[in-house]
Amino acid sequence: MFIKNRDLNLVRNHFDATHYLGQLDFEVGRGFDAAMHYCQKGWLRRLDPSGWFSTDYYLLSNPRIYPSQTNPFLHYLRVGRKKGLRTMFVEDPYVLGVAEEIKEGFDPDFYVEKYGHAITIKDDPTLDYAAFGYMRGWWPRADFCPTFYIFNNEDLMVDGLFPFLHYVQNGKTEGRAPSTEWTDKSTSKYGLIEPYFDTLYYVNQISESYHGLYVDWIDHYLLYGWKQKVNACRLFDSHKYLFMNLDIWKGEIEPLSHYLEFGMAEGRTRYKVGL
């Protein structure tokens with residue numbers, strides 16, 4: 001990933017190499033350029049350039065930055081600090097209030113079982129959801145799919161909307177559906193396709209108007225994307241797979257999970273995008 005010298009120098013001026021190197025899972029040799037590595041690869045792996053800047057939190061709380069492939073630390077140094085954007089999570093009264101408000105409808109056992117490996121605030125699942133989970137599009141309980149909730153209600157397609165908080169405050173009394181049997185069935189293939197899903201590639205195929213929504217893009221693909229001929233990754237052309245296998249197309253079966261679960265063993269051809 002190319003970076004201009006002036007931008008790299010700006011990053012260097014605020015970069016903590018010691019902190020960064022402590023996050024790497026490989027040995028580095030003499031002359032290793034930690035700042036350059038962060039700019040080219042590290043931020044994509046959600047590594048932090050210093051102890052006061054969380055790459056993951058900054059990207060989560062500013063979802064339009066990631067699809068643009070903009071270095072988040074550089075974005076903060078050039079734009080974010082002038083706007084007063086936060087660089088890491090702070091346990092403030094608002095977040096604590098939200099956690100308390102959603103507590104009654106939140107299922108901590110479900111949340112930990114489903115996302116425990118990736119939870120940030122491990123000793124308080126409800127607070128973790130109020131601070132991080134909702135921005136990832138995670139489910140707060142087994143019968144609430146944030147992605148479905150937003151896309152099933154066009155008036156809720158607003159940047160930064162907290163789907164479950166809206167449901168607790170308004171949606172439930174308004175009679176809005178939190179999920180459906182169709183939603184549960186469609187998203188059951190999540191774990192199968194997750195290792196192959198390319199979020200950056202996927203998001204850049206869909207409308208920019210969606211980029212600021214707090215949804216799970218794998219859920220979006222399973223619910224809507226494949227039907228709109230949007231590919232989950234460059235290695236698999238969903239539409240061509242359906243076109244060449246009319247029995248699957250007629251059955252309205254999501255193509256990537258079908259190939260992984262059945263098609264590969266059946267000897268069906270996998271088509272790469274553009275070939």
# chains A, B, ... in the order shown; residues from 1 in each chain; ligands from 1

call {"tool": "residues_around", "arguments": {"residues": "A:Gly212", "least_positions_apart": "5", "cutoff": "6 Å", "atoms": "only C-alpha atoms", "output": "list in words"}}
result
Pro63, Arg64 and Asp159 of chain A

call {"tool": "residues_around", "arguments": {"residues": "A:Phe106", "least_positions_apart": "3", "cutoff": "8 Å", "atoms": "only C-alpha atoms", "output": "list of chain:residue names"}}
result
A:Ile102, A:Lys103, A:Thr126, A:Pro140, A:Arg141

call {"tool": "write_last_selection", "arguments": {"atoms": "C-alpha atoms", "output": "PDB file, in the first residue's frame"}}
result
ATOM      1  CA  ILE A 102     -30.264  -2.346  27.040  1.00  0.00           C
ATOM      2  CA  LYS A 103     -29.442  -4.628  29.974  1.00  0.00           C
ATOM      3  CA  THR A 126     -23.320  -5.753  28.253  1.00  0.00           C
ATOM      4  CA  PRO A 140     -27.244  -8.926  21.367  1.00  0.00           C
ATOM      5  CA  ARG A 141     -29.428 -12.021  21.667  1.00  0.00           C
TER       6      ARG A 141
END

call {"tool": "residues_around", "arguments": {"residues": "A:Tyr20", "least_positions_apart": "4", "cutoff": "10 Å", "atoms": "only C-alpha atoms", "output": "number ranges by chain"}}
result
A: 15-16, 24, 34-35, 37-38, 42, 47-51

call {"tool": "write_last_selection", "arguments": {"atoms": "C-alpha atoms", "output": "short mmCIF file (atom, residue, chain, number, x, y, z; two decimals), in the first residue's frame"}}
result
data_model
loop_
_atom_site.label_atom_id
_atom_site.label_comp_id
_atom_site.auth_asym_id
_atom_site.auth_seq_id
_atom_site.Cartn_x
_atom_site.Cartn_y
_atom_site.Cartn_z
CA PHE A 15 4.59 6.64 16.24
CA ASP A 16 5.71 4.46 19.16
CA LEU A 24 3.93 -8.40 16.13
CA ALA A 34 7.88 -0.29 12.00
CA ALA A 35 6.08 2.87 10.90
CA HIS A 37 4.91 -1.69 8.21
CA TYR A 38 1.97 -0.15 10.07
CA GLY A 42 -0.40 -3.15 10.32
CA LEU A 47 -2.43 -3.20 15.20
CA ASP A 48 -1.94 0.01 17.20
CA PRO A 49 0.71 2.65 16.35
CA SER A 50 0.89 3.82 19.98
CA GLY A 51 -0.62 3.21 23.39
#

call {"tool": "select_by_dssp", "arguments": {"residues": "stretch 129-274 of chain A", "states": "helix (DSSP H, G or I)", "output": "VMD selection string"}}
result
chain A and resid 129 to 131 133 to 136 146 to 151 154 to 156 163 to 174 181 to 196 199 to 203 208 to 210 217 to 223 225 to 228 238 to 244 246 to 250 255 to 263

call {"tool": "write_last_selection", "arguments": {"atoms": "C-alpha atoms", "output": "mmCIF file, in the first residue's frame"}}
result
data_model
loop_
_atom_site.group_PDB
_atom_site.id
_atom_site.type_symbol
_atom_site.label_atom_id
_atom_site.label_comp_id
_atom_site.auth_asym_id
_atom_site.auth_seq_id
_atom_site.Cartn_x
_atom_site.Cartn_y
_atom_site.Cartn_z
ATOM 1 C CA TYR A 129 -21.806 -4.540 23.455
ATOM 2 C CA ALA A 130 -22.672 -0.922 24.258
ATOM 3 C CA ALA A 131 -19.077 0.149 23.591
ATOM 4 C CA GLY A 133 -20.244 -4.960 19.787
ATOM 5 C CA TYR A 134 -23.037 -2.926 18.259
ATOM 6 C CA MET A 135 -20.545 -1.176 15.971
ATOM 7 C CA ARG A 136 -19.473 -4.596 14.662
ATOM 8 C CA PRO A 146 -28.996 -5.848 13.664
ATOM 9 C CA THR A 147 -28.352 -6.134 9.924
ATOM 10 C CA PHE A 148 -31.872 -7.387 9.245
ATOM 11 C CA TYR A 149 -33.339 -4.757 11.570
ATOM 12 C CA ILE A 150 -31.714 -1.895 9.673
ATOM 13 C CA PHE A 151 -32.290 -3.169 6.138
ATOM 14 C CA GLU A 154 -35.349 1.905 5.414
ATOM 15 C CA ASP A 155 -35.956 4.843 7.761
ATOM 16 C CA LEU A 156 -33.252 3.408 10.049
ATOM 17 C CA PRO A 163 -29.972 -0.835 16.108
ATOM 18 C CA PHE A 164 -30.670 -2.621 19.392
ATOM 19 C CA LEU A 165 -30.892 0.615 21.367
ATOM 20 C CA HIS A 166 -33.431 1.884 18.837
ATOM 21 C CA TYR A 167 -35.397 -1.340 19.211
ATOM 22 C CA VAL A 168 -35.415 -1.088 23.007
ATOM 23 C CA GLN A 169 -36.397 2.585 22.978
ATOM 24 C CA ASN A 170 -38.842 2.610 20.058
ATOM 25 C CA GLY A 171 -38.848 -0.383 17.739
ATOM 26 C CA LYS A 172 -40.439 -2.897 20.073
ATOM 27 C CA THR A 173 -43.456 -0.701 20.840
ATOM 28 C CA GLU A 174 -43.710 0.208 17.145
ATOM 29 C CA GLU A 181 -37.044 -17.493 10.708
ATOM 30 C CA TRP A 182 -35.663 -16.622 7.272
ATOM 31 C CA THR A 183 -32.968 -14.496 8.936
ATOM 32 C CA ASP A 184 -31.929 -17.284 11.279
ATOM 33 C CA LYS A 185 -31.764 -19.851 8.470
ATOM 34 C CA SER A 186 -29.812 -17.564 6.138
ATOM 35 C CA THR A 187 -27.187 -16.541 8.697
ATOM 36 C CA SER A 188 -26.622 -20.123 9.912
ATOM 37 C CA LYS A 189 -23.885 -20.449 7.256
ATOM 38 C CA TYR A 190 -21.885 -17.595 8.817
ATOM 39 C CA GLY A 191 -19.085 -19.734 10.259
ATOM 40 C CA LEU A 192 -18.678 -21.617 7.002
ATOM 41 C CA ILE A 193 -17.939 -18.577 4.843
ATOM 42 C CA GLU A 194 -16.247 -16.341 7.437
ATOM 43 C CA PRO A 195 -12.675 -17.561 6.663
ATOM 44 C CA TYR A 196 -13.144 -16.662 2.995
ATOM 45 C CA THR A 199 -14.829 -7.329 4.055
ATOM 46 C CA LEU A 200 -12.946 -4.540 2.304
ATOM 47 C CA TYR A 201 -13.603 -6.046 -1.123
ATOM 48 C CA TYR A 202 -17.260 -6.651 -0.308
ATOM 49 C CA VAL A 203 -18.039 -3.213 1.086
ATOM 50 C CA GLU A 208 -21.547 4.107 -0.428
ATOM 51 C CA SER A 209 -24.746 5.154 1.313
ATOM 52 C CA TYR A 210 -24.435 1.966 3.399
ATOM 53 C CA TRP A 217 -21.277 -7.424 6.380
ATOM 54 C CA ILE A 218 -21.194 -11.216 6.388
ATOM 55 C CA ASP A 219 -24.792 -11.170 7.605
ATOM 56 C CA HIS A 220 -25.559 -8.656 4.859
ATOM 57 C CA TYR A 221 -24.061 -10.931 2.223
ATOM 58 C CA LEU A 222 -26.030 -13.943 3.463
ATOM 59 C CA LEU A 223 -29.290 -12.020 3.698
ATOM 60 C CA GLY A 225 -25.712 -9.430 -1.025
ATOM 61 C CA TRP A 226 -25.523 -12.680 -2.966
ATOM 62 C CA LYS A 227 -29.021 -12.050 -4.342
ATOM 63 C CA GLN A 228 -27.779 -8.671 -5.596
ATOM 64 C CA SER A 238 -21.241 -16.219 -6.860
ATOM 65 C CA HIS A 239 -23.327 -15.210 -9.855
ATOM 66 C CA LYS A 240 -21.343 -17.324 -12.311
ATOM 67 C CA TYR A 241 -21.535 -20.323 -9.981
ATOM 68 C CA LEU A 242 -25.315 -19.988 -9.941
ATOM 69 C CA PHE A 243 -25.473 -19.429 -13.710
ATOM 70 C CA MET A 244 -23.459 -22.595 -14.352
ATOM 71 C CA LEU A 246 -29.125 -23.923 -12.540
ATOM 72 C CA ASP A 247 -30.332 -26.458 -9.967
ATOM 73 C CA ILE A 248 -28.844 -24.255 -7.245
ATOM 74 C CA TRP A 249 -30.144 -21.054 -8.807
ATOM 75 C CA LYS A 250 -33.682 -22.426 -9.040
ATOM 76 C CA PRO A 255 -23.758 -20.113 -3.641
ATOM 77 C CA LEU A 256 -20.541 -19.785 -1.612
ATOM 78 C CA SER A 257 -21.714 -21.834 1.365
ATOM 79 C CA HIS A 258 -23.183 -24.406 -1.043
ATOM 80 C CA TYR A 259 -19.845 -24.771 -2.802
ATOM 81 C CA LEU A 260 -17.935 -25.116 0.469
ATOM 82 C CA GLU A 261 -20.404 -27.559 1.982
ATOM 83 C CA PHE A 262 -21.386 -29.618 -1.058
ATOM 84 C CA GLY A 263 -20.175 -28.313 -4.410
#

call {"tool": "closest_residue", "arguments": {"among": "A:Asp128, A:Tyr57, A:Lys41, A:Lys82", "to": "A:Val98", "atoms": "only C-alpha atoms"}}
result
A:Asp128

call {"tool": "closest_residue", "arguments": {"among": "A:Phe26, A:Pro125, A:Lys83, A:Lys4", "to": "A:Ala99", "atoms": "only C-alpha atoms"}}
result
A:Pro125

call {"tool": "closest_residue", "arguments": {"among": "A:Leu74, A:Leu96, A:Ala118, A:Val215", "to": "A:Trp138", "atoms": "only C-alpha atoms"}}
result
A:Val215

call {"tool": "residues_around", "arguments": {"residues": "A:Met36", "least_positions_apart": "4", "cutoff": "10 Å", "atoms": "only C-alpha atoms", "output": "PDB file with N, CA and C atoms, in the first residue's frame"}}
result
ATOM      1  N   MET A   1       0.848  -1.192   0.000  1.00  0.00           N
ATOM      2  CA  MET A   1       0.000   0.000   0.000  1.00  0.00           C
ATOM      3  C   MET A   1       0.885   1.245   0.000  1.00  0.00           C
ATOM      4  N   PHE A   2       0.741   2.080  -1.010  1.00  0.00           N
ATOM      5  CA  PHE A   2       1.607   3.251  -1.187  1.00  0.00           C
ATOM      6  C   PHE A   2       1.283   4.337  -0.164  1.00  0.00           C
ATOM      7  N   ILE A   3       2.331   5.001   0.321  1.00  0.00           N
ATOM      8  CA  ILE A   3       2.147   6.148   1.207  1.00  0.00           C
ATOM      9  C   ILE A   3       3.171   7.215   0.841  1.00  0.00           C
ATOM     10  N   LEU A   8       4.150   9.648   5.615  1.00  0.00           N
ATOM     11  CA  LEU A   8       4.921   8.715   6.424  1.00  0.00           C
ATOM     12  C   LEU A   8       5.674   9.459   7.521  1.00  0.00           C
ATOM     13  N   ASN A   9       6.231  10.610   7.196  1.00  0.00           N
ATOM     14  CA  ASN A   9       6.949  11.406   8.199  1.00  0.00           C
ATOM     15  C   ASN A   9       6.013  11.896   9.292  1.00  0.00           C
ATOM     16  N   VAL A  11       3.338  10.325  10.329  1.00  0.00           N
ATOM     17  CA  VAL A  11       3.092   9.144  11.161  1.00  0.00           C
ATOM     18  C   VAL A  11       4.283   8.892  12.075  1.00  0.00           C
ATOM     19  N   ARG A  12       5.493   8.975  11.527  1.00  0.00           N
ATOM     20  CA  ARG A  12       6.700   8.727  12.324  1.00  0.00           C
ATOM     21  C   ARG A  12       6.782   9.654  13.533  1.00  0.00           C
ATOM     22  N   PHE A  32      14.339  -2.909  10.349  1.00  0.00           N
ATOM     23  CA  PHE A  32      12.891  -3.045  10.139  1.00  0.00           C
ATOM     24  C   PHE A  32      12.212  -1.699  10.379  1.00  0.00           C
ATOM     25  N   GLN A  40       1.523   0.101   5.728  1.00  0.00           N
ATOM     26  CA  GLN A  40       1.270  -0.804   4.610  1.00  0.00           C
ATOM     27  C   GLN A  40       0.419  -2.017   4.995  1.00  0.00           C
ATOM     28  N   LYS A  41       0.627  -2.527   6.214  1.00  0.00           N
ATOM     29  CA  LYS A  41      -0.053  -3.766   6.603  1.00  0.00           C
ATOM     30  C   LYS A  41      -0.679  -3.724   8.000  1.00  0.00           C
ATOM     31  N   GLY A  42       0.001  -3.063   8.924  1.00  0.00           N
ATOM     32  CA  GLY A  42      -0.396  -3.146  10.324  1.00  0.00           C
ATOM     33  C   GLY A  42      -1.789  -2.663  10.637  1.00  0.00           C
TER      34      GLY A  42
END

call {"tool": "atom_distance", "arguments": {"atom1": "atom CA of A:Thr180", "atom2": "atom CA of A:Met157"}}
result
18.9 Å

call {"tool": "atom_distance", "arguments": {"atom1": "atom CA of A:Gly80", "atom2": "atom CA of A:Asp56"}}
result
14.7 Å

call {"tool": "decode", "arguments": {"residues": "stretch 136-148 of chain A", "atoms": "N, CA and C atoms", "output": "mmCIF file, in the first residue's frame"}}
result
data_model
loop_
_atom_site.group_PDB
_atom_site.id
_atom_site.type_symbol
_atom_site.label_atom_id
_atom_site.label_comp_id
_atom_site.auth_asym_id
_atom_site.auth_seq_id
_atom_site.Cartn_x
_atom_site.Cartn_y
_atom_site.Cartn_z
ATOM 1 N N ARG A 136 -19.885 -3.478 15.512
ATOM 2 C CA ARG A 136 -19.473 -4.596 14.662
ATOM 3 C C ARG A 136 -20.683 -5.293 14.028
ATOM 4 N N GLY A 137 -21.876 -4.860 14.398
ATOM 5 C CA GLY A 137 -23.080 -5.504 13.878
ATOM 6 C C GLY A 137 -23.394 -6.813 14.564
ATOM 7 N N TRP A 138 -22.836 -7.024 15.766
ATOM 8 C CA TRP A 138 -23.052 -8.271 16.491
ATOM 9 C C TRP A 138 -24.471 -8.358 17.044
ATOM 10 N N TRP A 139 -24.925 -9.586 17.217
ATOM 11 C CA TRP A 139 -26.265 -9.841 17.762
ATOM 12 C C TRP A 139 -26.233 -9.727 19.289
ATOM 13 N N PRO A 140 -27.194 -9.024 19.905
ATOM 14 C CA PRO A 140 -27.244 -8.926 21.367
ATOM 15 C C PRO A 140 -27.975 -10.102 22.008
ATOM 16 N N ARG A 141 -28.717 -10.826 21.194
ATOM 17 C CA ARG A 141 -29.428 -12.021 21.667
ATOM 18 C C ARG A 141 -29.814 -12.841 20.439
ATOM 19 N N ALA A 142 -30.297 -14.052 20.659
ATOM 20 C CA ALA A 142 -30.500 -14.986 19.553
ATOM 21 C C ALA A 142 -31.589 -14.577 18.574
ATOM 22 N N ASP A 143 -32.499 -13.705 18.990
ATOM 23 C CA ASP A 143 -33.601 -13.339 18.101
ATOM 24 C C ASP A 143 -33.535 -11.892 17.622
ATOM 25 N N PHE A 144 -32.325 -11.306 17.658
ATOM 26 C CA PHE A 144 -32.196 -9.936 17.149
ATOM 27 C C PHE A 144 -30.991 -9.839 16.225
ATOM 28 N N CYS A 145 -31.280 -9.622 14.940
ATOM 29 C CA CYS A 145 -30.226 -9.468 13.928
ATOM 30 C C CYS A 145 -30.142 -7.996 13.538
ATOM 31 N N PRO A 146 -29.110 -7.274 13.969
ATOM 32 C CA PRO A 146 -28.996 -5.848 13.664
ATOM 33 C C PRO A 146 -29.032 -5.534 12.168
ATOM 34 N N THR A 147 -28.393 -6.377 11.365
ATOM 35 C CA THR A 147 -28.352 -6.134 9.924
ATOM 36 C C THR A 147 -29.751 -6.228 9.319
ATOM 37 N N PHE A 148 -30.488 -7.255 9.712
ATOM 38 C CA PHE A 148 -31.872 -7.387 9.245
ATOM 39 C C PHE A 148 -32.705 -6.208 9.729
#
